[in-house]
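Colleague: Structure file model.cif, mmCIF, N, CA and C atoms, is pasted below:
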```cif
data_protein
loop_
_atom_site.label_atom_id
_atom_site.label_comp_id
_atom_site.auth_asym_id
_atom_site.auth_seq_id
_atom_site.Cartn_x
_atom_site.Cartn_y
_atom_site.Cartn_z
N GLY A 1 129.56 56.07 221.81
CA GLY A 1 129.34 56.54 223.16
C GLY A 1 130.64 56.57 223.94
N SER A 2 130.55 57.01 225.17
CA SER A 2 131.74 57.12 226.01
C SER A 2 132.12 55.79 226.65
N ILE A 3 131.23 54.82 226.63
CA ILE A 3 131.52 53.50 227.18
C ILE A 3 131.59 52.53 226.00
N GLY A 4 132.81 52.13 225.64
CA GLY A 4 133.02 51.31 224.44
C GLY A 4 132.16 50.06 224.38
N ALA A 5 132.02 49.37 225.50
CA ALA A 5 131.25 48.13 225.51
C ALA A 5 129.77 48.35 225.25
N MET A 6 129.31 49.59 225.44
CA MET A 6 127.90 49.89 225.24
C MET A 6 127.67 50.69 223.96
N SER A 7 128.68 50.86 223.15
CA SER A 7 128.57 51.65 221.93
C SER A 7 127.60 50.99 220.96
N THR A 8 126.77 51.80 220.33
CA THR A 8 125.77 51.28 219.40
C THR A 8 126.13 51.57 217.95
N ALA A 9 127.18 52.31 217.70
CA ALA A 9 127.57 52.68 216.34
C ALA A 9 128.76 51.86 215.88
N THR A 10 128.55 50.56 215.79
CA THR A 10 129.63 49.68 215.37
C THR A 10 129.18 48.84 214.18
N ALA A 11 130.12 48.20 213.53
CA ALA A 11 129.80 47.35 212.37
C ALA A 11 128.90 46.19 212.74
N THR A 12 128.91 45.79 214.00
CA THR A 12 128.09 44.66 214.43
C THR A 12 126.86 45.11 215.23
N SER A 13 126.50 46.36 215.10
CA SER A 13 125.38 46.91 215.86
C SER A 13 124.07 46.22 215.50
N LYS A 14 123.23 46.03 216.48
CA LYS A 14 121.90 45.48 216.25
C LYS A 14 120.87 46.60 216.11
N PHE A 15 121.33 47.84 216.04
CA PHE A 15 120.42 48.97 216.09
C PHE A 15 120.15 49.64 214.75
N GLY A 16 120.32 48.96 213.65
CA GLY A 16 119.93 49.54 212.38
C GLY A 16 121.10 49.99 211.53
N VAL A 17 120.92 51.11 210.84
CA VAL A 17 121.88 51.60 209.85
C VAL A 17 122.77 52.67 210.48
N ALA A 18 124.06 52.50 210.37
CA ALA A 18 125.01 53.52 210.85
C ALA A 18 125.18 54.55 209.74
N LEU A 19 124.64 55.74 209.94
CA LEU A 19 124.67 56.76 208.89
C LEU A 19 126.07 57.23 208.56
N ARG A 20 127.03 56.96 209.41
CA ARG A 20 128.42 57.35 209.13
C ARG A 20 129.07 56.47 208.07
N ASP A 21 128.52 55.29 207.84
CA ASP A 21 129.10 54.39 206.85
C ASP A 21 128.94 54.97 205.45
N PRO A 22 129.97 54.85 204.61
CA PRO A 22 129.89 55.39 203.25
C PRO A 22 128.69 54.83 202.49
N GLY A 23 127.90 55.73 201.91
CA GLY A 23 126.74 55.33 201.11
C GLY A 23 125.50 54.99 201.90
N ALA A 24 125.59 54.95 203.22
CA ALA A 24 124.46 54.51 204.04
C ALA A 24 123.26 55.45 203.92
N GLU A 25 123.52 56.76 203.95
CA GLU A 25 122.40 57.69 203.88
C GLU A 25 121.68 57.58 202.54
N ASP A 26 122.44 57.53 201.44
CA ASP A 26 121.82 57.39 200.12
C ASP A 26 121.01 56.10 200.03
N TRP A 27 121.56 55.01 200.56
CA TRP A 27 120.86 53.73 200.56
C TRP A 27 119.55 53.83 201.34
N LEU A 28 119.60 54.47 202.50
CA LEU A 28 118.42 54.59 203.33
C LEU A 28 117.36 55.46 202.67
N VAL A 29 117.77 56.54 202.04
CA VAL A 29 116.81 57.40 201.33
C VAL A 29 116.11 56.58 200.24
N ARG A 30 116.86 55.80 199.49
CA ARG A 30 116.25 54.96 198.43
C ARG A 30 115.23 54.00 199.02
N GLN A 31 115.55 53.41 200.17
CA GLN A 31 114.62 52.47 200.80
C GLN A 31 113.30 53.16 201.13
N TYR A 32 113.38 54.38 201.62
CA TYR A 32 112.16 55.12 201.96
C TYR A 32 111.39 55.50 200.70
N LEU A 33 112.08 55.95 199.68
CA LEU A 33 111.40 56.35 198.45
C LEU A 33 110.72 55.16 197.77
N GLU A 34 111.29 53.99 197.91
CA GLU A 34 110.70 52.77 197.32
C GLU A 34 109.59 52.18 198.19
N ARG A 35 109.45 52.67 199.41
CA ARG A 35 108.45 52.15 200.35
C ARG A 35 107.71 53.32 200.99
N PRO A 36 106.73 53.87 200.30
CA PRO A 36 106.04 55.07 200.81
C PRO A 36 105.32 54.87 202.13
N TRP A 37 105.14 53.63 202.54
CA TRP A 37 104.49 53.37 203.83
C TRP A 37 105.45 53.55 205.00
N LEU A 38 106.75 53.70 204.73
CA LEU A 38 107.70 54.01 205.81
C LEU A 38 107.56 55.48 206.16
N THR A 39 107.17 55.78 207.38
CA THR A 39 106.88 57.17 207.76
C THR A 39 107.60 57.63 209.01
N ARG A 40 108.44 56.79 209.57
CA ARG A 40 109.11 57.16 210.83
C ARG A 40 110.60 56.86 210.77
N LEU A 41 111.35 57.65 211.52
CA LEU A 41 112.78 57.40 211.73
C LEU A 41 113.02 57.29 213.23
N HIS A 42 114.04 56.55 213.59
CA HIS A 42 114.40 56.37 214.99
C HIS A 42 115.91 56.52 215.12
N THR A 43 116.35 57.17 216.17
CA THR A 43 117.78 57.24 216.45
C THR A 43 118.06 56.59 217.79
N HIS A 44 119.11 55.80 217.82
CA HIS A 44 119.56 55.19 219.07
C HIS A 44 121.03 55.57 219.23
N THR A 45 121.26 56.64 219.95
CA THR A 45 122.61 57.20 220.06
C THR A 45 123.49 56.39 220.98
N GLY A 46 122.93 55.85 222.01
CA GLY A 46 123.74 55.10 222.97
C GLY A 46 122.87 54.53 224.06
N SER A 47 123.48 53.82 224.95
CA SER A 47 122.75 53.19 226.04
C SER A 47 123.06 53.89 227.36
N GLN A 48 122.64 55.11 227.47
CA GLN A 48 122.72 55.94 228.67
C GLN A 48 124.14 56.32 229.07
N GLY A 49 125.11 56.08 228.24
CA GLY A 49 126.48 56.44 228.56
C GLY A 49 127.03 57.53 227.66
N VAL A 50 126.13 58.31 227.05
CA VAL A 50 126.57 59.35 226.11
C VAL A 50 126.22 60.72 226.66
N ALA A 51 126.97 61.70 226.24
CA ALA A 51 126.70 63.08 226.63
C ALA A 51 125.43 63.58 225.95
N LEU A 52 124.75 64.48 226.62
CA LEU A 52 123.53 65.07 226.07
C LEU A 52 123.80 65.74 224.73
N GLU A 53 124.97 66.34 224.58
CA GLU A 53 125.33 67.01 223.33
C GLU A 53 125.41 66.00 222.17
N LEU A 54 125.87 64.80 222.44
CA LEU A 54 125.94 63.77 221.41
C LEU A 54 124.53 63.34 221.00
N MET A 55 123.65 63.23 221.97
CA MET A 55 122.26 62.89 221.66
C MET A 55 121.63 63.98 220.80
N ALA A 56 121.87 65.24 221.15
CA ALA A 56 121.32 66.36 220.38
C ALA A 56 121.86 66.35 218.95
N GLU A 57 123.14 66.03 218.80
CA GLU A 57 123.74 65.95 217.46
C GLU A 57 123.08 64.85 216.64
N SER A 58 122.78 63.72 217.25
CA SER A 58 122.14 62.63 216.50
C SER A 58 120.73 63.03 216.07
N VAL A 59 120.02 63.77 216.91
CA VAL A 59 118.69 64.25 216.54
C VAL A 59 118.80 65.20 215.35
N ARG A 60 119.80 66.09 215.37
CA ARG A 60 120.00 67.02 214.26
C ARG A 60 120.26 66.26 212.96
N ILE A 61 121.09 65.24 213.01
CA ILE A 61 121.42 64.46 211.82
C ILE A 61 120.18 63.72 211.29
N VAL A 62 119.42 63.10 212.17
CA VAL A 62 118.24 62.36 211.73
C VAL A 62 117.16 63.32 211.23
N TYR A 63 117.06 64.49 211.83
CA TYR A 63 116.12 65.49 211.33
C TYR A 63 116.50 65.88 209.89
N GLY A 64 117.79 66.08 209.65
CA GLY A 64 118.25 66.39 208.30
C GLY A 64 117.92 65.28 207.32
N LEU A 65 118.05 64.03 207.76
CA LEU A 65 117.70 62.89 206.93
C LEU A 65 116.20 62.91 206.61
N ALA A 66 115.38 63.19 207.61
CA ALA A 66 113.93 63.27 207.38
C ALA A 66 113.60 64.36 206.37
N GLU A 67 114.24 65.50 206.50
CA GLU A 67 114.02 66.60 205.55
C GLU A 67 114.41 66.17 204.14
N ARG A 68 115.52 65.47 204.01
CA ARG A 68 115.96 65.01 202.68
C ARG A 68 114.96 64.01 202.09
N ILE A 69 114.54 63.04 202.89
CA ILE A 69 113.56 62.06 202.40
C ILE A 69 112.30 62.77 201.95
N ASN A 70 111.79 63.68 202.76
CA ASN A 70 110.56 64.40 202.42
C ASN A 70 110.73 65.23 201.16
N ARG A 71 111.87 65.89 201.03
CA ARG A 71 112.13 66.70 199.84
C ARG A 71 112.18 65.82 198.58
N GLU A 72 112.90 64.71 198.66
CA GLU A 72 113.03 63.84 197.49
C GLU A 72 111.74 63.09 197.19
N ALA A 73 110.92 62.85 198.20
CA ALA A 73 109.63 62.19 197.99
C ALA A 73 108.59 63.18 197.46
N GLY A 74 108.85 64.47 197.64
CA GLY A 74 107.90 65.49 197.20
C GLY A 74 106.68 65.59 198.10
N ARG A 75 106.80 65.07 199.30
CA ARG A 75 105.69 65.11 200.27
C ARG A 75 106.27 64.85 201.66
N GLN A 76 105.43 65.02 202.67
CA GLN A 76 105.90 64.73 204.03
C GLN A 76 105.72 63.24 204.30
N GLN A 77 106.68 62.46 203.85
CA GLN A 77 106.63 61.02 204.09
C GLN A 77 107.02 60.71 205.53
N VAL A 78 108.12 61.27 206.00
CA VAL A 78 108.54 61.05 207.39
C VAL A 78 107.81 62.07 208.25
N ASP A 79 106.95 61.57 209.13
CA ASP A 79 106.17 62.47 209.98
C ASP A 79 106.50 62.32 211.47
N THR A 80 107.38 61.37 211.79
CA THR A 80 107.73 61.14 213.19
C THR A 80 109.21 60.78 213.30
N ILE A 81 109.87 61.37 214.28
CA ILE A 81 111.24 60.99 214.61
C ILE A 81 111.25 60.58 216.08
N ASP A 82 111.57 59.33 216.32
CA ASP A 82 111.68 58.80 217.68
C ASP A 82 113.12 59.01 218.11
N ILE A 83 113.33 59.85 219.12
CA ILE A 83 114.69 60.16 219.55
C ILE A 83 115.22 59.15 220.57
N GLY A 84 114.41 58.18 220.93
CA GLY A 84 114.84 57.00 221.66
C GLY A 84 115.64 57.20 222.93
N GLY A 85 116.05 56.11 223.48
CA GLY A 85 117.06 56.01 224.51
C GLY A 85 116.84 56.60 225.88
N GLY A 86 116.29 57.76 226.00
CA GLY A 86 116.20 58.39 227.30
C GLY A 86 117.44 59.17 227.66
N LEU A 87 117.42 59.76 228.82
CA LEU A 87 118.54 60.60 229.26
C LEU A 87 119.75 59.78 229.67
N PRO A 88 120.94 60.34 229.45
CA PRO A 88 122.15 59.67 229.92
C PRO A 88 122.14 59.56 231.45
N VAL A 89 122.85 58.61 231.96
CA VAL A 89 122.95 58.40 233.41
C VAL A 89 124.25 59.03 233.91
N ASN A 90 124.18 59.70 235.06
CA ASN A 90 125.37 60.24 235.70
C ASN A 90 126.00 59.12 236.52
N PHE A 91 127.00 58.46 235.95
CA PHE A 91 127.66 57.35 236.64
C PHE A 91 128.67 57.84 237.68
N GLU A 92 128.94 59.14 237.69
CA GLU A 92 130.01 59.69 238.54
C GLU A 92 129.55 60.13 239.92
N GLY A 93 128.25 60.33 240.13
CA GLY A 93 127.81 60.83 241.43
C GLY A 93 126.31 60.74 241.62
N GLU A 94 125.84 61.37 242.67
CA GLU A 94 124.43 61.32 243.03
C GLU A 94 123.60 62.42 242.37
N GLU A 95 124.26 63.43 241.84
CA GLU A 95 123.53 64.54 241.22
C GLU A 95 122.80 64.04 239.97
N ILE A 96 121.56 64.46 239.84
CA ILE A 96 120.76 64.07 238.68
C ILE A 96 121.08 65.01 237.53
N THR A 97 121.88 64.52 236.61
CA THR A 97 122.24 65.29 235.42
C THR A 97 122.23 64.35 234.23
N PRO A 98 121.82 64.80 233.08
CA PRO A 98 121.16 66.08 232.86
C PRO A 98 119.73 66.03 233.36
N ARG A 99 119.16 67.21 233.47
CA ARG A 99 117.77 67.32 233.89
C ARG A 99 116.86 67.27 232.66
N PHE A 100 115.59 66.97 232.87
CA PHE A 100 114.66 66.91 231.74
C PHE A 100 114.57 68.26 231.03
N ALA A 101 114.70 69.35 231.77
CA ALA A 101 114.67 70.68 231.15
C ALA A 101 115.84 70.84 230.18
N ASP A 102 117.01 70.28 230.53
CA ASP A 102 118.16 70.33 229.63
C ASP A 102 117.89 69.52 228.36
N TYR A 103 117.25 68.38 228.52
CA TYR A 103 116.93 67.49 227.40
C TYR A 103 115.98 68.17 226.43
N ALA A 104 115.02 68.92 226.97
CA ALA A 104 114.01 69.58 226.14
C ALA A 104 114.60 70.69 225.27
N LYS A 105 115.71 71.28 225.74
CA LYS A 105 116.33 72.35 224.96
C LYS A 105 116.84 71.82 223.66
#
```
Could you express the structure from this file as structure tokens?
Modeller:
Amino acid sequence: GSIGAMSTATATSKFGVALRDPGAEDWLVRQYLERPWLTRLHTHTGSQGVALELMAESVRIVYGLAERINREAGRQQVDTIDIGGGLPVNFEGEEITPRFADYAK
């Protein structure tokens, strides 16, 4: 995220698996394939200090992961993606940005 102290993609993150780490995606896919009762993915991009574009990119990446798990499982194992977090906060002023309509795009 844009605020280092609030970054969630670190080696000491409490928010799960960092997909950027080498081998992490393959490891995660194996976990899902070995546990057919796992049916959901969640992304936590940041704690309201990230740009909307970064949140959208994380959704795209997790969607791709869901597609891979489903393809390798031979069925729709992942049926829900929780995009988490909520909208970023405009710390710079009073204007409400982004708007919910922007988030929906």
Colleague: In file coordinates, which residues lie within 7 Å of (113.1, 56.6, 207.8) using only C-alpha atoms, given as a PyMOL selection string?
Modeller: chain A and resi 32+38-41+66+78
Colleague: Considering only N, CA and C atoms, can you say which of A:Val29, A:Glu92, A:Glu53, A:Ile81 comes closest to Arg68 in chain A?
Modeller: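 So, comparing all the options, the nearest one is A:Val29.
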Colleague: Just how far from CA of Phe91 in chain A is CA of Val59 in chain A, in Å to one decimal?
Modeller: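 Between CA of Val59 in chain A and CA of Phe91 in chain A the gap works out to 23.1 Å.
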Colleague: To one decimal place, how far is atom N of Gln76 in chain A from atom C of Glu25 in chain A in Å?
Modeller: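 Atom C of Glu25 in chain A lies 17.9 Å from atom N of Gln76 in chain A.
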Colleague: Write out as a ChimeraX atom specification the set of residues from range 14-90 of chain A that DSSP, computed on the backbone, places in strand (DSSP E or B).
Modeller: /A:40-42,80-82
Colleague: Name the closest residue to Arg30 in chain A among the candidates A:Gly74, A:Glu94, A:Ile69, A:Thr80; distances are taken between atoms, counting only N, CA and C atoms.
Modeller: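 That would be A:Ile69, the residue with the smallest distance to Arg30 in chain A.
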Colleague: Within 8 Å of Ser58 in chain A, counting all atoms listed in the file, which residues show up once you throw out same-chain ones fewer than 6 positions away? Write them as a list in words, please.
Modeller: Thr43, His44, Thr45, Leu52, Gly64 and Ile83 of chain A
Colleague: What does the file look like for those residues with N, CA and C atoms, as a PDB file, keeping the file's coordinate frame?
Modeller:
```
ATOM      1  N   THR A  43     116.350  57.170 216.170  1.00  0.00           N
ATOM      2  CA  THR A  43     117.780  57.240 216.450  1.00  0.00           C
ATOM      3  C   THR A  43     118.060  56.590 217.790  1.00  0.00           C
ATOM      4  N   HIS A  44     119.110  55.800 217.820  1.00  0.00           N
ATOM      5  CA  HIS A  44     119.560  55.190 219.070  1.00  0.00           C
ATOM      6  C   HIS A  44     121.030  55.570 219.230  1.00  0.00           C
ATOM      7  N   THR A  45     121.260  56.640 219.950  1.00  0.00           N
ATOM      8  CA  THR A  45     122.610  57.200 220.060  1.00  0.00           C
ATOM      9  C   THR A  45     123.490  56.390 220.980  1.00  0.00           C
ATOM     10  N   LEU A  52     124.750  64.480 226.620  1.00  0.00           N
ATOM     11  CA  LEU A  52     123.530  65.070 226.070  1.00  0.00           C
ATOM     12  C   LEU A  52     123.800  65.740 224.730  1.00  0.00           C
ATOM     13  N   GLY A  64     117.790  66.080 209.650  1.00  0.00           N
ATOM     14  CA  GLY A  64     118.250  66.390 208.300  1.00  0.00           C
ATOM     15  C   GLY A  64     117.920  65.280 207.320  1.00  0.00           C
ATOM     16  N   ILE A  83     113.330  59.850 219.120  1.00  0.00           N
ATOM     17  CA  ILE A  83     114.690  60.160 219.550  1.00  0.00           C
ATOM     18  C   ILE A  83     115.220  59.150 220.570  1.00  0.00           C
TER      19      ILE A  83
END
```
Colleague: As an exercise, work out the distance from CA of Gln77 in chain A to atom N of Arg60 in chain A in Å and give it to one decimal place.
Modeller: 18.1 Å
